[in-house]
Amino acid sequence: MENTHSSDQTKNLTEKRIISAQEILQAQCNALLRLQNGLNDTFSDAVSIILSCKGAVMTTGAGKAGIIAQKFSATLASLGTPSHYIHPTDALHGDLGRISPQDIMVMFSLSGETEEICRLLPPLKEQIHTLIAITGNKNSTLAQNANVVLDIHFTREAGKLGLAPTSSTLAMLALSDTLALIVSEERDFTDVHFAQFHPAGMLGRKLSHVEDYMRPLSLCRLASETESVRNVFLSLRRPGRRTGAIMLTTSDGTLSGFFTDSDLSRLFERGAEKDFDAPISTVMTRSPISVAVGTPMEKAVELMIHKKISELPVIDLQKNPVGMLDITDVIALFPHITRE
């Protein structure tokens with residue numbers, strides 16, 4: 001009986017938690033719907049101001065609103081718009097010198113009456129000409145001093161107490177993210193630009209190209225297709241890291257074939273000693289699979305996995321070898337592909 005009672009208590013507690021969570025999430029959804037339905041011309045005005053900015057987009061805010069301001073600045077910068085966050089207290093203690101007249105300022109404050117923000121307004125307006133306010137109070141001191149006011153249409157925070165910044169910060173986050181994305185779209189910001197600002201991590205890897213990860217020609221084994229197998233292997237001994245394949249070329253330098261350590265092993269297994277002194281063109285793989293410079297790295301790795309190959313030549317527009325991808329170099333960098 002005790003076990004049954006305990007099980008019922010656990011079930012009731014679980015149901016209660018889920019219901020409470022659903023109510024909180026619904027409150028958050030409602031905040032976003034109010035924001036969506038409340039968008040007006042001022043949003044477009046803010047986009048125009050940021051697009052016409054000759055300097056950087058500075059952002060500021062205190063407390064949780066300050067965290068959203070930092071995130072907005074980071075998002076703008078990652079999408080091609082120069083931006084910097086400045087803490088309002090630090091600004092009052094010398095960091096106003098970081099701001100130039102060509103910059104614009106985006107200030108985040110739910111009440112629009114945050115002490116640090118209001119104290120910052122007079123000296124800031126002497127330093128900068130354009131101010132955007134993101135606030136829940138369009139009649140506040142902040143709003144009255146701003147060129148453009150973006151109202152987040154705040155009513156109440158989520159949860160029973162309705163005290164912790166939740167719905168307000170969610171609305172600020174969603175509105176500022178939307179602003180950053182619209183600006184990037186109108187700047188014709190592409191995935192190529194995105195890769196330039198994200199050279200590290202999975203994002204950068206997914207948007208990189210084969211030349212970013214290939215072994216350069218100086219680290220590859222390259223020979224003429226007219227050379228004998230024996231001469232090729234005697235002349236291509238290299239210290240340090242090596243690849244298990246040789247790229248073969250015609251007299252004009254274009255890629256014509258491929259010969260791997262596995263191919264060499266098969267010659268030994270067949271006892272085909274006579275082939276060691278024949279031109280390597282007689283035993284090489286002709287017209288090997290290759291990729292051109294500029295091929296997205298993700299596509300190249302997918303090709304290697306699909307074709308079950310360990311080395312992939314990289315060629316230029318004239319079909320001349322310029323490097324090689326080796327699976328041992330990329331397998332750890334693209335686990336989302338190589339695990340499939």
# chains A, B, ... in the order shown; residues from 1 in each chain; ligands from 1
$ select_by_dssp --residues "region 33-118 of chain A" --states "helix (DSSP H, G or I)" --output "JSON, numbers by chain"
{"A": [33, 34, 35, 36, 37, 38, 41, 42, 43, 44, 45, 46, 47, 48, 49, 50, 51, 52, 63, 64, 65, 66, 67, 68, 69, 70, 71, 72, 73, 74, 75, 76, 77, 78, 88, 89, 90, 91, 92, 95, 96, 97, 98, 115, 116, 117, 118]}
$ residues_around --residues "Pro101 (chain A)" --least-positions-apart "4" --cutoff "9 Å" --atoms "only C-alpha atoms" --output "PyMOL selection string"
chain A and resi 55+126-130
$ select_by_dssp --residues "region 109-165 of chain A" --states "strand (DSSP E)" --output "PyMOL selection string"
chain A and resi 109+131-135+148-151
$ residues_around --residues "Thr178 (chain A)" --least-positions-apart "6" --cutoff "10 Å" --atoms "only C-alpha atoms" --output "PyMOL selection string"
chain A and resi 43+72+172+184
$ write_last_selection --atoms "N, CA and C atoms" --output "mmCIF file, in the first residue's frame"
data_model
loop_
_atom_site.group_PDB
_atom_site.id
_atom_site.type_symbol
_atom_site.label_atom_id
_atom_site.label_comp_id
_atom_site.auth_asym_id
_atom_site.auth_seq_id
_atom_site.Cartn_x
_atom_site.Cartn_y
_atom_site.Cartn_z
ATOM 1 N N PHE A 43 9.758 49.858 -36.112
ATOM 2 C CA PHE A 43 10.710 48.770 -36.342
ATOM 3 C C PHE A 43 11.485 49.027 -37.628
ATOM 4 N N PHE A 72 22.581 40.828 -28.211
ATOM 5 C CA PHE A 72 22.240 41.556 -29.444
ATOM 6 C C PHE A 72 23.509 42.056 -30.127
ATOM 7 N N MET A 172 12.479 41.038 -25.456
ATOM 8 C CA MET A 172 13.655 41.825 -25.862
ATOM 9 C C MET A 172 14.580 40.997 -26.749
ATOM 10 N N SER A 184 20.823 42.043 -41.496
ATOM 11 C CA SER A 184 21.763 41.201 -42.246
ATOM 12 C C SER A 184 21.200 40.828 -43.612
#
$ atom_distance --atom1 "CA of Pro123 (chain A)" --atom2 "CA of Val149 (chain A)"
19.5 Å
$ residues_around --residues "Ala174 (chain A)" --least-positions-apart "3" --cutoff "12 Å" --atoms "only C-alpha atoms" --output "list in words"
Gln28, Cys29, Ala31, Leu32, Leu33, Arg34, Leu35, Gln36, Ile68, Ala69, Lys71, Phe72, Thr75, Ile134, Ile152, Ser167, Ser168, Thr169, Leu170, Ala171, Asp177, Thr178, Leu179, Ala180 and Leu181 of chain A
$ residues_around --residues "Leu267 (chain A)" --least-positions-apart "4" --cutoff "12 Å" --atoms "only C-alpha atoms" --output "list in words"
Val229, Arg230, Phe259, Thr260, Asp261, Ser262, Asp263, Gly271, Ala272, Glu273, Lys274, Asp275, Phe276, Asp277, Ile280, Thr282, Val283 and Met284 of chain A
$ residues_around --residues "Val183 (chain A)" --least-positions-apart "4" --cutoff "8 Å" --atoms "only C-alpha atoms" --output "list in words"
Val47, Ile50, Leu51, Leu179 and Arg187 of chain A
$ atom_distance --atom1 "CA of Pro288 (chain A)" --atom2 "CA of Ile331 (chain A)"
21.0 Å
$ residues_around --residues "Pro321 (chain A)" --least-positions-apart "6" --cutoff "8 Å" --atoms "only C-alpha atoms" --output "PyMOL selection string"
chain A and resi 217+247+253-255+313-315
$ closest_residue --among "A:Thr249, A:Ser235, A:Gly97, A:Ala65" --to "Thr166 (chain A)" --atoms "only C-alpha atoms"
A:Ala65
$ atom_distance --atom1 "CA of Ala278 (chain A)" --atom2 "CA of Ser218 (chain A)"
26.1 Å
$ decode --residues "region 310-321 of chain A" --atoms "all heavy atoms" --output "PDB file, in the first residue's frame"
ATOM      1  N   SER A 310      39.550   6.948 -48.621  1.00  0.00           N
ATOM      2  CA  SER A 310      40.310   7.579 -47.542  1.00  0.00           C
ATOM      3  C   SER A 310      41.043   8.837 -47.984  1.00  0.00           C
ATOM      4  O   SER A 310      41.413   9.660 -47.153  1.00  0.00           O
ATOM      5  CB  SER A 310      41.324   6.589 -46.956  1.00  0.00           C
ATOM      6  OG  SER A 310      40.661   5.462 -46.421  1.00  0.00           O
ATOM      7  N   GLU A 311      41.297   8.964 -49.288  1.00  0.00           N
ATOM      8  CA  GLU A 311      41.989  10.131 -49.816  1.00  0.00           C
ATOM      9  C   GLU A 311      41.197  10.701 -50.986  1.00  0.00           C
ATOM     10  O   GLU A 311      40.615   9.958 -51.789  1.00  0.00           O
ATOM     11  CB  GLU A 311      43.404   9.793 -50.297  1.00  0.00           C
ATOM     12  CG  GLU A 311      44.322   9.282 -49.197  1.00  0.00           C
ATOM     13  CD  GLU A 311      44.279   7.770 -49.054  1.00  0.00           C
ATOM     14  OE1 GLU A 311      43.606   7.112 -49.888  1.00  0.00           O
ATOM     15  OE2 GLU A 311      44.895   7.240 -48.116  1.00  0.00           O
ATOM     16  N   LEU A 312      41.184  12.003 -51.083  1.00  0.00           N
ATOM     17  CA  LEU A 312      40.416  12.672 -52.136  1.00  0.00           C
ATOM     18  C   LEU A 312      41.242  13.805 -52.717  1.00  0.00           C
ATOM     19  O   LEU A 312      41.503  14.805 -52.046  1.00  0.00           O
ATOM     20  CB  LEU A 312      39.102  13.213 -51.557  1.00  0.00           C
ATOM     21  CG  LEU A 312      38.137  13.884 -52.532  1.00  0.00           C
ATOM     22  CD1 LEU A 312      37.648  12.879 -53.579  1.00  0.00           C
ATOM     23  CD2 LEU A 312      36.943  14.472 -51.783  1.00  0.00           C
ATOM     24  N   PRO A 313      41.677  13.684 -53.993  1.00  0.00           N
ATOM     25  CA  PRO A 313      42.458  14.754 -54.615  1.00  0.00           C
ATOM     26  C   PRO A 313      41.635  16.029 -54.784  1.00  0.00           C
ATOM     27  O   PRO A 313      40.434  15.979 -55.041  1.00  0.00           O
ATOM     28  CB  PRO A 313      42.831  14.162 -55.988  1.00  0.00           C
ATOM     29  CG  PRO A 313      42.670  12.688 -55.834  1.00  0.00           C
ATOM     30  CD  PRO A 313      41.547  12.505 -54.865  1.00  0.00           C
ATOM     31  N   VAL A 314      42.316  17.155 -54.641  1.00  0.00           N
ATOM     32  CA  VAL A 314      41.706  18.464 -54.880  1.00  0.00           C
ATOM     33  C   VAL A 314      42.398  19.073 -56.090  1.00  0.00           C
ATOM     34  O   VAL A 314      43.625  19.133 -56.146  1.00  0.00           O
ATOM     35  CB  VAL A 314      41.863  19.394 -53.659  1.00  0.00           C
ATOM     36  CG1 VAL A 314      41.217  20.750 -53.937  1.00  0.00           C
ATOM     37  CG2 VAL A 314      41.238  18.749 -52.421  1.00  0.00           C
ATOM     38  N   ILE A 315      41.609  19.510 -57.064  1.00  0.00           N
ATOM     39  CA  ILE A 315      42.171  20.014 -58.314  1.00  0.00           C
ATOM     40  C   ILE A 315      41.703  21.448 -58.574  1.00  0.00           C
ATOM     41  O   ILE A 315      40.697  21.898 -58.013  1.00  0.00           O
ATOM     42  CB  ILE A 315      41.773  19.121 -59.510  1.00  0.00           C
ATOM     43  CG1 ILE A 315      40.244  19.014 -59.621  1.00  0.00           C
ATOM     44  CG2 ILE A 315      42.397  17.732 -59.361  1.00  0.00           C
ATOM     45  CD1 ILE A 315      39.760  18.238 -60.833  1.00  0.00           C
ATOM     46  N   ASP A 316      42.438  22.156 -59.452  1.00  0.00           N
ATOM     47  CA  ASP A 316      42.030  23.509 -59.839  1.00  0.00           C
ATOM     48  C   ASP A 316      41.203  23.459 -61.114  1.00  0.00           C
ATOM     49  O   ASP A 316      40.845  22.364 -61.597  1.00  0.00           O
ATOM     50  CB  ASP A 316      43.250  24.420 -59.989  1.00  0.00           C
ATOM     51  CG  ASP A 316      44.229  23.936 -61.060  1.00  0.00           C
ATOM     52  OD1 ASP A 316      43.827  23.112 -61.927  1.00  0.00           O
ATOM     53  OD2 ASP A 316      45.391  24.381 -61.051  1.00  0.00           O
ATOM     54  N   LEU A 317      40.924  24.613 -61.696  1.00  0.00           N
ATOM     55  CA  LEU A 317      40.074  24.667 -62.892  1.00  0.00           C
ATOM     56  C   LEU A 317      40.722  23.985 -64.090  1.00  0.00           C
ATOM     57  O   LEU A 317      40.033  23.541 -65.009  1.00  0.00           O
ATOM     58  CB  LEU A 317      39.751  26.127 -63.231  1.00  0.00           C
ATOM     59  CG  LEU A 317      38.875  26.874 -62.209  1.00  0.00           C
ATOM     60  CD1 LEU A 317      38.688  28.323 -62.630  1.00  0.00           C
ATOM     61  CD2 LEU A 317      37.528  26.178 -62.061  1.00  0.00           C
ATOM     62  N   GLN A 318      42.051  23.900 -64.095  1.00  0.00           N
ATOM     63  CA  GLN A 318      42.769  23.229 -65.185  1.00  0.00           C
ATOM     64  C   GLN A 318      42.950  21.735 -64.903  1.00  0.00           C
ATOM     65  O   GLN A 318      43.649  21.042 -65.633  1.00  0.00           O
ATOM     66  CB  GLN A 318      44.146  23.881 -65.395  1.00  0.00           C
ATOM     67  CG  GLN A 318      44.097  25.268 -66.032  1.00  0.00           C
ATOM     68  CD  GLN A 318      43.570  26.326 -65.081  1.00  0.00           C
ATOM     69  OE1 GLN A 318      43.973  26.357 -63.912  1.00  0.00           O
ATOM     70  NE2 GLN A 318      42.689  27.193 -65.565  1.00  0.00           N
ATOM     71  N   LYS A 319      42.340  21.252 -63.831  1.00  0.00           N
ATOM     72  CA  LYS A 319      42.414  19.854 -63.405  1.00  0.00           C
ATOM     73  C   LYS A 319      43.802  19.459 -62.944  1.00  0.00           C
ATOM     74  O   LYS A 319      44.168  18.280 -62.959  1.00  0.00           O
ATOM     75  CB  LYS A 319      41.921  18.923 -64.510  1.00  0.00           C
ATOM     76  CG  LYS A 319      40.450  19.144 -64.879  1.00  0.00           C
ATOM     77  CD  LYS A 319      39.968  18.127 -65.892  1.00  0.00           C
ATOM     78  CE  LYS A 319      38.493  18.348 -66.220  1.00  0.00           C
ATOM     79  NZ  LYS A 319      37.984  17.365 -67.197  1.00  0.00           N
ATOM     80  N   ASN A 320      44.575  20.462 -62.513  1.00  0.00           N
ATOM     81  CA  ASN A 320      45.887  20.181 -61.941  1.00  0.00           C
ATOM     82  C   ASN A 320      45.733  19.943 -60.437  1.00  0.00           C
ATOM     83  O   ASN A 320      44.991  20.681 -59.765  1.00  0.00           O
ATOM     84  CB  ASN A 320      46.845  21.355 -62.168  1.00  0.00           C
ATOM     85  CG  ASN A 320      47.117  21.593 -63.638  1.00  0.00           C
ATOM     86  OD1 ASN A 320      47.195  20.646 -64.421  1.00  0.00           O
ATOM     87  ND2 ASN A 320      47.262  22.846 -64.021  1.00  0.00           N
ATOM     88  N   PRO A 321      46.410  18.959 -59.877  1.00  0.00           N
ATOM     89  CA  PRO A 321      46.319  18.719 -58.433  1.00  0.00           C
ATOM     90  C   PRO A 321      46.866  19.900 -57.635  1.00  0.00           C
ATOM     91  O   PRO A 321      47.910  20.458 -57.984  1.00  0.00           O
ATOM     92  CB  PRO A 321      47.178  17.474 -58.217  1.00  0.00           C
ATOM     93  CG  PRO A 321      47.316  16.848 -59.575  1.00  0.00           C
ATOM     94  CD  PRO A 321      47.275  17.969 -60.551  1.00  0.00           C
TER      95      PRO A 321
END
